[in-house]
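File shown here: start36.txt, holding compact mmCIF, C-alpha atoms.
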# COMPACT_ATOMS: atom_id res chain seq x y z
CA MET A 7 39.17 23.03 -15.83
CA GLY A 8 36.23 20.66 -15.62
CA MET A 9 37.24 19.71 -12.08
CA GLY A 10 37.26 23.30 -10.86
CA MET A 11 33.91 24.09 -12.40
CA GLY A 12 32.29 21.04 -10.84
CA MET A 13 33.66 21.89 -7.42
CA GLY A 14 32.45 25.45 -7.70
CA MET A 15 28.97 24.31 -8.61
CA GLY A 16 28.91 21.78 -5.79
CA MET A 17 29.96 24.37 -3.25
CA GLY A 18 27.39 26.84 -4.51
CA MET A 19 24.61 24.27 -4.29
CA GLY A 20 25.40 23.53 -0.65
CA MET A 21 24.78 27.12 0.37
CA GLY A 22 21.40 28.75 0.66
CA ILE A 23 17.96 27.16 0.60
CA PRO A 24 18.12 23.33 0.12
CA HIS A 25 14.95 22.41 -1.80
CA GLY A 26 12.97 25.24 -3.29
CA ASP A 27 11.37 28.04 -1.36
CA VAL A 28 11.14 26.52 2.15
CA PRO A 29 14.06 27.29 4.48
CA PHE A 30 15.53 24.32 6.33
CA GLU A 31 14.45 25.62 9.75
CA ASP A 32 10.79 25.78 8.71
CA GLU A 33 10.54 22.20 7.46
CA PRO A 34 8.44 19.81 9.59
CA PRO A 35 10.21 17.04 11.54
CA LEU A 36 10.88 13.79 9.70
CA LEU A 37 8.52 11.68 11.85
CA GLU A 38 5.72 14.16 11.18
CA GLU A 39 6.37 13.96 7.44
CA LEU A 40 6.27 10.16 7.60
CA GLY A 41 3.02 10.23 9.58
CA ILE A 42 4.41 8.57 12.72
CA ASN A 43 2.66 9.94 15.79
CA PHE A 44 3.96 8.56 19.09
CA ASP A 45 1.04 9.98 21.08
CA TYR A 46 -1.39 8.09 18.85
CA ILE A 47 0.65 4.87 19.15
CA LYS A 48 0.66 5.24 22.94
CA ARG A 49 -3.10 5.84 23.16
CA LYS A 50 -3.95 2.90 20.89
CA THR A 51 -1.56 0.67 22.81
CA TYR A 52 -3.32 1.59 26.08
CA ALA A 53 -6.67 0.83 24.45
CA VAL A 54 -5.39 -2.65 23.56
CA LEU A 55 -3.73 -3.30 26.90
CA ASN A 56 -6.85 -2.27 28.83
CA PRO A 57 -9.85 -3.59 26.87
CA LEU A 58 -12.08 -3.53 29.98
CA GLN A 59 -11.90 0.24 30.36
CA LYS A 60 -15.09 1.95 31.47
CA ARG A 61 -15.05 4.79 28.97
CA SER A 62 -15.56 4.34 25.26
CA ILE A 63 -12.66 4.47 22.83
CA ASP A 64 -12.03 7.70 20.92
CA ASP A 65 -13.43 7.83 17.39
CA GLU A 66 -10.02 9.08 16.23
CA LEU A 67 -8.40 5.84 17.42
CA LEU A 68 -11.05 3.76 15.72
CA SER A 69 -11.00 5.55 12.39
CA ASP A 70 -7.27 6.15 11.89
CA SER A 71 -5.15 3.40 10.40
CA ASP A 72 -1.60 3.66 11.68
CA LEU A 73 0.75 0.97 10.36
CA SER A 74 3.98 1.91 12.15
CA GLY A 75 2.86 0.52 15.52
CA PRO A 76 1.72 -2.88 14.18
CA PHE A 77 4.92 -3.23 12.16
CA CYS A 78 6.99 -2.54 15.30
CA TYR A 79 4.98 -5.03 17.36
CA ALA A 80 5.30 -7.78 14.73
CA LEU A 81 9.02 -7.06 14.43
CA SER A 82 9.46 -7.12 18.21
CA LEU A 83 7.61 -10.47 18.42
CA GLY A 84 9.99 -11.89 15.83
CA LEU A 85 13.03 -10.50 17.64
CA ILE A 86 11.88 -11.85 21.00
CA LEU A 87 11.31 -15.28 19.48
CA LEU A 88 14.74 -15.01 17.86
CA LEU A 89 16.20 -14.52 21.35
CA SER A 90 14.55 -17.82 22.27
CA GLY A 91 16.30 -19.49 19.35
CA LYS A 92 13.22 -19.60 17.09
CA TRP A 93 13.39 -18.09 13.61
CA ARG A 94 9.74 -17.20 12.96
CA PHE A 95 9.75 -13.97 10.94
CA ASP A 96 8.37 -15.69 7.83
CA TYR A 97 5.53 -17.33 9.77
CA ILE A 98 4.67 -14.11 11.61
CA TYR A 99 4.36 -12.07 8.44
CA GLY A 100 2.77 -14.94 6.49
CA PHE A 101 0.06 -15.59 9.10
CA GLY A 102 -0.30 -11.84 9.49
CA ALA A 103 -0.90 -11.24 5.79
CA VAL A 104 -3.33 -14.13 5.30
CA GLY A 105 -5.15 -13.31 8.53
CA CYS A 106 -5.47 -9.62 7.67
CA ILE A 107 -6.95 -10.37 4.26
CA SER A 108 -9.34 -12.96 5.74
CA MET A 109 -10.46 -10.68 8.58
CA TYR A 110 -10.86 -7.81 6.12
CA ALA A 111 -13.25 -9.91 4.05
CA LEU A 112 -15.12 -11.21 7.10
CA VAL A 113 -15.53 -7.86 8.81
CA ASN A 114 -16.72 -6.22 5.60
CA LEU A 115 -19.31 -8.96 5.10
CA MET A 116 -20.62 -8.38 8.62
CA ALA A 117 -20.26 -4.60 8.99
CA VAL A 118 -22.75 -1.88 8.29
CA GLN A 119 -19.87 0.42 7.26
CA ASN A 120 -16.99 -0.78 5.12
CA VAL A 121 -13.68 -1.20 6.93
CA ASP A 122 -10.59 -0.58 4.82
CA ILE A 123 -7.64 -2.97 4.73
CA TYR A 124 -5.31 -0.52 6.46
CA LYS A 125 -7.61 -0.24 9.46
CA THR A 126 -7.82 -4.04 9.60
CA ILE A 127 -4.02 -4.36 9.55
CA SER A 128 -3.74 -1.65 12.19
CA ILE A 129 -6.19 -3.30 14.59
CA LEU A 130 -4.80 -6.82 14.16
CA GLY A 131 -1.23 -5.57 14.52
CA TYR A 132 -1.85 -3.51 17.63
CA CYS A 133 -3.71 -6.38 19.25
CA LEU A 134 -0.63 -8.56 18.69
CA LEU A 135 1.00 -6.82 21.66
CA PRO A 136 -0.18 -9.33 24.34
CA MET A 137 1.26 -12.09 22.17
CA THR A 138 4.57 -10.22 22.22
CA LEU A 139 4.39 -10.30 26.03
CA LEU A 140 3.80 -14.06 25.83
CA GLY A 141 6.88 -14.32 23.60
CA ALA A 142 8.91 -12.43 26.20
CA LEU A 143 7.67 -14.86 28.84
CA SER A 144 8.62 -17.81 26.65
CA ALA A 145 12.16 -16.44 26.35
CA VAL A 146 12.51 -16.69 30.13
CA VAL A 147 10.34 -19.72 31.03
CA SER A 148 9.55 -22.85 29.03
CA LEU A 149 5.87 -22.76 28.09
CA GLU A 150 5.48 -26.33 26.88
CA GLY A 151 3.42 -27.49 29.88
CA VAL A 152 0.18 -26.61 31.60
CA ILE A 153 1.49 -23.14 32.47
CA GLY A 154 2.10 -22.44 28.80
CA VAL A 155 -1.39 -23.54 27.80
CA ILE A 156 -2.95 -21.32 30.47
CA ALA A 157 -0.75 -18.34 29.56
CA ALA A 158 -1.47 -18.83 25.85
CA GLY A 159 -5.21 -19.06 26.51
CA ILE A 160 -5.13 -15.81 28.47
CA CYS A 161 -3.14 -14.05 25.74
CA VAL A 162 -5.35 -15.36 22.93
CA THR A 163 -8.46 -14.22 24.79
CA TRP A 164 -6.87 -10.84 25.53
CA CYS A 165 -5.82 -10.28 21.90
CA SER A 166 -9.12 -11.47 20.48
CA TYR A 167 -11.30 -9.45 22.85
CA SER A 168 -9.29 -6.27 22.23
CA ALA A 169 -9.50 -6.72 18.46
CA ALA A 170 -13.21 -7.57 18.57
CA LEU A 171 -13.81 -4.46 20.67
CA LEU A 172 -11.94 -2.25 18.21
CA PHE A 173 -13.67 -3.79 15.18
CA THR A 174 -17.22 -3.55 16.53
CA GLU A 175 -17.12 -0.36 18.63
CA GLN A 176 -18.19 1.90 15.74
CA ASN A 177 -20.38 -0.49 13.77
CA ASP A 178 -22.39 -2.94 15.84
CA PRO A 179 -21.36 -3.95 19.38
CA ASP A 180 -23.81 -6.89 19.23
CA GLN A 181 -21.57 -8.65 16.70
CA ARG A 182 -18.59 -8.73 19.09
CA LEU A 183 -18.87 -12.47 19.80
CA LEU A 184 -19.25 -13.27 16.09
CA VAL A 185 -15.98 -11.49 15.36
CA PHE A 186 -14.31 -12.89 18.50
CA TYR A 187 -14.25 -16.52 17.30
CA PRO A 188 -12.25 -16.06 14.04
CA LEU A 189 -9.96 -13.64 15.87
CA ALA A 190 -9.32 -16.31 18.51
CA LEU A 191 -8.36 -18.76 15.74
CA TYR A 192 -6.08 -16.12 14.21
CA TYR A 193 -4.25 -15.36 17.45
CA THR A 194 -4.04 -19.06 18.34
CA CYS A 195 -1.67 -19.45 15.36
CA PHE A 196 0.64 -16.87 16.93
CA ALA A 197 0.35 -18.53 20.34
CA LEU A 198 1.42 -21.85 18.82
CA LEU A 199 4.39 -20.14 17.16
CA THR A 200 5.33 -18.61 20.48
CA ILE A 201 5.05 -21.77 22.59
CA PHE A 202 6.56 -24.31 20.21

Exercise: express the given structure as structure tokens:
Amino acid sequence: MGMGMGMGMGMGMGMGIPHGDVPFEDEPPLLEELGINFDYIKRKTYAVLNPLQKRSIDDELLSDSDLSGPFCYALSLGLILLLSGKWRFDYIYGFGAVGCISMYALVNLMAVQNVDIYKTISILGYCLLPMTLLGALSAVVSLEGVIGVIAAGICVTWCSYSAALLFTEQNDPDQRLLVFYPLALYYTCFALLTIF
């Protein structure tokens, strides 16, 4: 008797409207509910990949703090290094966490407007993309010589300039070189992980 009543209730609950008053067809897509916007990720990625663009960066890109893109780029860097036989996930997330907290403190000491921690993580994570390209190159070619030093220098400069541009575009563009130096030290740690 208890078995039949439970089955009847289970079958009745499966029919009709799933959660309250909203029909299933009218619910927003899962990625929209989670706040993952692929158009935004694509536009911010292009802003990082082309830091020498002539036009200014959208205020929407500078003010929004998306964390799904940086997480994917850090994960892809770890997976690419894993393909090279290097287990570096702990170092990537460790350097990332310490660097984000340090850059958050530094940028807030220098900025006219306060920058929140999520925006700092977003900018530093998106600007990790050129380092991911260096990791892909290291999976194919050994970078322990002069070529590796040159490629790492280019990637560190690229990452640091993109991040400095994104940090100082809204606040004070004159402070770009002051922010560039600690960013170069930050991304040098990732370059050393990638090469060695």

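Distances here use all atoms listed in the file; by that measure, the residue among A:Ile86, A:Leu140, A:Leu130, A:Val155 closest to Val104 (chain A) is A:Leu130.
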
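Of the residues listed (A:Asn43, A:Ser62, A:Thr200, A:Ser128), A:Thr200 shows the shortest atom-to-atom separation from Lys92 (chain A); distances use all atoms listed in the file.
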
Pick from A:Gly84, A:Pro29, A:Pro34, A:Gly131: nearest to Tyr192 (chain A), with all atoms listed in the file counted?
A:Gly131

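Closest to Ala158 (chain A) among A:Phe44, A:Phe196, A:Tyr99, A:Trp93 is A:Phe196, based on all atoms listed in the file.
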
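For the pair CA of Thr51 (chain A) and CA of Tyr132 (chain A), the separation is 6.7 Å.
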
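Of the listed residues A:Ile201, A:Ile98, A:Val152, A:Ala117, the one whose atoms come nearest to Asn177 (chain A) is A:Ala117, with distances taken using only C-alpha atoms.
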
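CA of Ala197 (chain A) is positioned 6.8 Å from CA of Met137 (chain A).
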
Could you pull the residues within 12 Å of Pro188 (chain A), counting all atoms listed in the file, minus those fewer than 6 positions along the same chain, as number ranges by chain?
A: 105-106, 108-113, 130, 162-163, 165-167, 169-170, 182, 194-195

I'd like the interatomic distance between CA of Leu183 (chain A) and CA of Leu199 (chain A), to a tenth of an Å.
24.6 Å

Take every atom of region 111-117 of chain A listed in the file, fit an axis-aligned box around them, add 8 Å per side, and give the centre and edge lengths in Å to one decimal as JSON.
{"center_x": -16.9, "center_y": -7.9, "center_z": 6.5, "size_x": 23.4, "size_y": 22.6, "size_z": 20.9}

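Distances here use only C-alpha atoms; by that measure, the residue among A:Phe202, A:Tyr187, A:Phe77, A:Tyr97 closest to Glu150 (chain A) is A:Phe202.
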
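By chain and then residue number, the residues within 9 Å of Tyr124 (chain A) are Asp70, Ser71, Asp72 and Leu73 of chain A, counting all atoms listed in the file and disregarding those fewer than 6 positions away in sequence.
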
Compile the contact shell of Tyr52 (chain A) as a PyMOL selection string: residues with an atom at most 12 Å away, counting only C-alpha atoms, same-chain residues fewer than 6 positions apart removed.
chain A and resi 45-46+58-59+63-64+67+132-133+135-136+168
